[in-house]
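*Asks:* Have a look at this one.
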Amino acid sequence: MFDAMHTPDNVLLVGGSSDIGVEIAKSLARRGTTRFVLAGRDLEAMQRSANAISSVATGEGVSVSVIFYDVVAEKSYQALLEVASTELETIDYAIFATGALGDQDEDENSPASTLEILEINFSKLAPAILNVANHMSKQGFGQIVVLSSVAGIRVRRSNFIYGSAKAGLDGFAMALGESLIDKGVKVTVVRPGFVKTKMTSHLKAAPLSTTPEEVAKATLAATDHQNASVYVPSAIGLVIGVYRHLPRALARKIPF
């Protein structure tokens, strides 16, 4: 359930070692959320995330559980919901932060790698989101946060495999939110630009880059106001709004 300040009691973080996802969870812990379940493949990294969340919690009796979840495994969406709904009395707030950037140059020459990027970022993640959404519909309330990317708003040559996966995820999540309007469940799609995280540490920071902390702050503001989407930073929304409408020949000349 949620209190008067829209703080959830129970939170599910899918992608339990995601820098952005953990910062969102920490922000909720500071507000008073006391029950978290982190789901992902790296149990050791997730335990560090659990400790970080616990260390900033302000509520009494905080509990952070870690469960194994492999998004690309067969019917993993079923196992995720079964375990999460056992650990949590209700799933009030679910953050879907699973993602993999890949290596565009290598992935273009590897159908198997391309498939993996598409599965992690979209095709195997979407059923998990839908399954949790249906569960929330039955309980009559819930908030879903989906971490998308500006890379999916207009897919670029430089990262079209990752970008196309995020485009699919973004469209899916936005339309899912529309389908849930009268069911008490809200979906917020978060569209960051370049975020300084473990996943991007080998890359040169792009203009208008941001941090996990700033993304978390913007995410909570968006869910507080039940916004369907949010760009982080907000200025990048203006930039991508112009870029997405440029003629193809002109857009091709922009070096990013």
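Order determines the names: the first chain of the structure tokens is A, the second B, and so forth; residues in each chain are numbered 1 upward, and ligands are numbered 1 upward as they are shown.
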If we count only C-alpha atoms and set the cut-off at 8 Å, which residues sit around Lys166 of chain A, ignoring sequence neighbours fewer than 4 positions away in its own chain? Please answer as a VMD selection string.
*Replies:* chain A and resid 121 to 122 148 to 149 151 to 152 162 170
*Asks:* I need the residues from that last selection saved to file as a PDB file, in the first residue's frame (with N, CA and C atoms), if you can.
*Replies:*
```
ATOM      1  N   ASN A 121      16.813  -6.418 -23.008  1.00  0.00           N
ATOM      2  CA  ASN A 121      16.255  -5.067 -22.957  1.00  0.00           C
ATOM      3  C   ASN A 121      14.774  -4.986 -23.290  1.00  0.00           C
ATOM      4  N   PHE A 122      14.257  -6.017 -23.969  1.00  0.00           N
ATOM      5  CA  PHE A 122      12.851  -5.908 -24.357  1.00  0.00           C
ATOM      6  C   PHE A 122      12.083  -7.228 -24.396  1.00  0.00           C
ATOM      7  N   SER A 148      13.619   3.230 -19.634  1.00  0.00           N
ATOM      8  CA  SER A 148      13.810   3.244 -21.073  1.00  0.00           C
ATOM      9  C   SER A 148      15.081   4.035 -21.367  1.00  0.00           C
ATOM     10  N   SER A 149      15.122   4.744 -22.471  1.00  0.00           N
ATOM     11  CA  SER A 149      16.302   5.535 -22.837  1.00  0.00           C
ATOM     12  C   SER A 149      15.944   6.448 -24.000  1.00  0.00           C
ATOM     13  N   ALA A 151      17.733   6.707 -26.342  1.00  0.00           N
ATOM     14  CA  ALA A 151      18.223   5.947 -27.498  1.00  0.00           C
ATOM     15  C   ALA A 151      17.084   5.281 -28.258  1.00  0.00           C
ATOM     16  N   GLY A 152      15.949   5.080 -27.587  1.00  0.00           N
ATOM     17  CA  GLY A 152      14.824   4.428 -28.231  1.00  0.00           C
ATOM     18  C   GLY A 152      13.816   5.376 -28.851  1.00  0.00           C
ATOM     19  N   TYR A 162      20.845  -1.811 -29.532  1.00  0.00           N
ATOM     20  CA  TYR A 162      20.361  -1.390 -28.212  1.00  0.00           C
ATOM     21  C   TYR A 162      19.188  -0.427 -28.354  1.00  0.00           C
ATOM     22  N   ASP A 170       9.969   0.986 -24.821  1.00  0.00           N
ATOM     23  CA  ASP A 170       9.303   2.262 -24.574  1.00  0.00           C
ATOM     24  C   ASP A 170       7.862   2.235 -25.083  1.00  0.00           C
TER      25      ASP A 170
END
```
*Asks:* Skip segment 193-204 of chain A itself and residues of its chain fewer than 6 positions away, then list as JSON, numbers by chain all residues within 6 Å of it, counting only C-alpha atoms.
*Replies:* {"A": [150, 210, 211]}
*Asks:* Find the residues near Val72 of chain A: any atom within 10 Å, counting only C-alpha atoms, skip ones fewer than 6 places away on the same chain, and give them as a list of chain:residue names.
*Replies:*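 The neighbour list is A:Glu116, A:Ile117, A:Leu118, A:Glu119, A:Ile120, A:Asn121, A:Ser123, A:Lys124, A:Leu125.
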*Asks:* For Thr58 of chain A, which residue out of A:Ser229, A:Thr188, A:Thr114, A:Thr33 is the nearest one, using only C-alpha atoms?
*Replies:*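 Closest residue, counting only C-alpha atoms: A:Thr33.
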*Asks:* As an exercise, work out the distance from atom CA of Pro8 of chain A to atom CA of Ser49 of chain A in Å and give it to one decimal place.
*Replies:*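 For atom CA of Pro8 of chain A relative to atom CA of Ser49 of chain A, the distance reads 18.9 Å.
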*Asks:* For Val11 of chain A, which residue among A:Val64, A:Leu81, A:Ala228, A:Val239 is the nearest when counting only C-alpha atoms?
*Replies:*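 Closest to Val11 of chain A of all the choices is A:Val64.
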*Asks:* Write down as a list in words the residues belonging to segment 2-139 of chain A that are assigned strand (DSSP E or B) by DSSP computed on the backbone.
*Replies:*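 In segment 2-139 of chain A, DSSP puts these residues in strand (DSSP E or B): Phe2, Pro8, Asn10, Val11, Leu12, Leu13, Val14, Arg35, Phe36, Val37, Leu38, Ala39, Gly40, Ser63, Val64, Ser65, Val66, Ile67, Phe68, Tyr93, Ala94, Ile95 and Phe96 of chain A.
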*Asks:* One number please: atom CA of Phe141 of chain A to atom CA of Asp92 of chain A, in Å, one decimal.
*Replies:*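 Computing it gives 7.1 Å between the two atoms.
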*Asks:* Rank A:Gly16, A:Ser113, A:Arg252, A:Arg31 by their smallest atom-to-atom distance to Phe68 of chain A, using only C-alpha atoms, and report the top residue only.
*Replies:*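 Looking only at the distances to Phe68 of chain A, the closest residue turns out to be A:Gly16.
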*Asks:* Taking the DSSP assignment computed from this structure's backbone, write out as an NGL selection string all residues of segment 68-232 of chain A that belong to helix (DSSP H, G or I).
*Replies:* :A and (76-87 or 104-107 or 111-123 or 125-139 or 150-152 or 157-179 or 181-183 or 198-200 or 212-224)
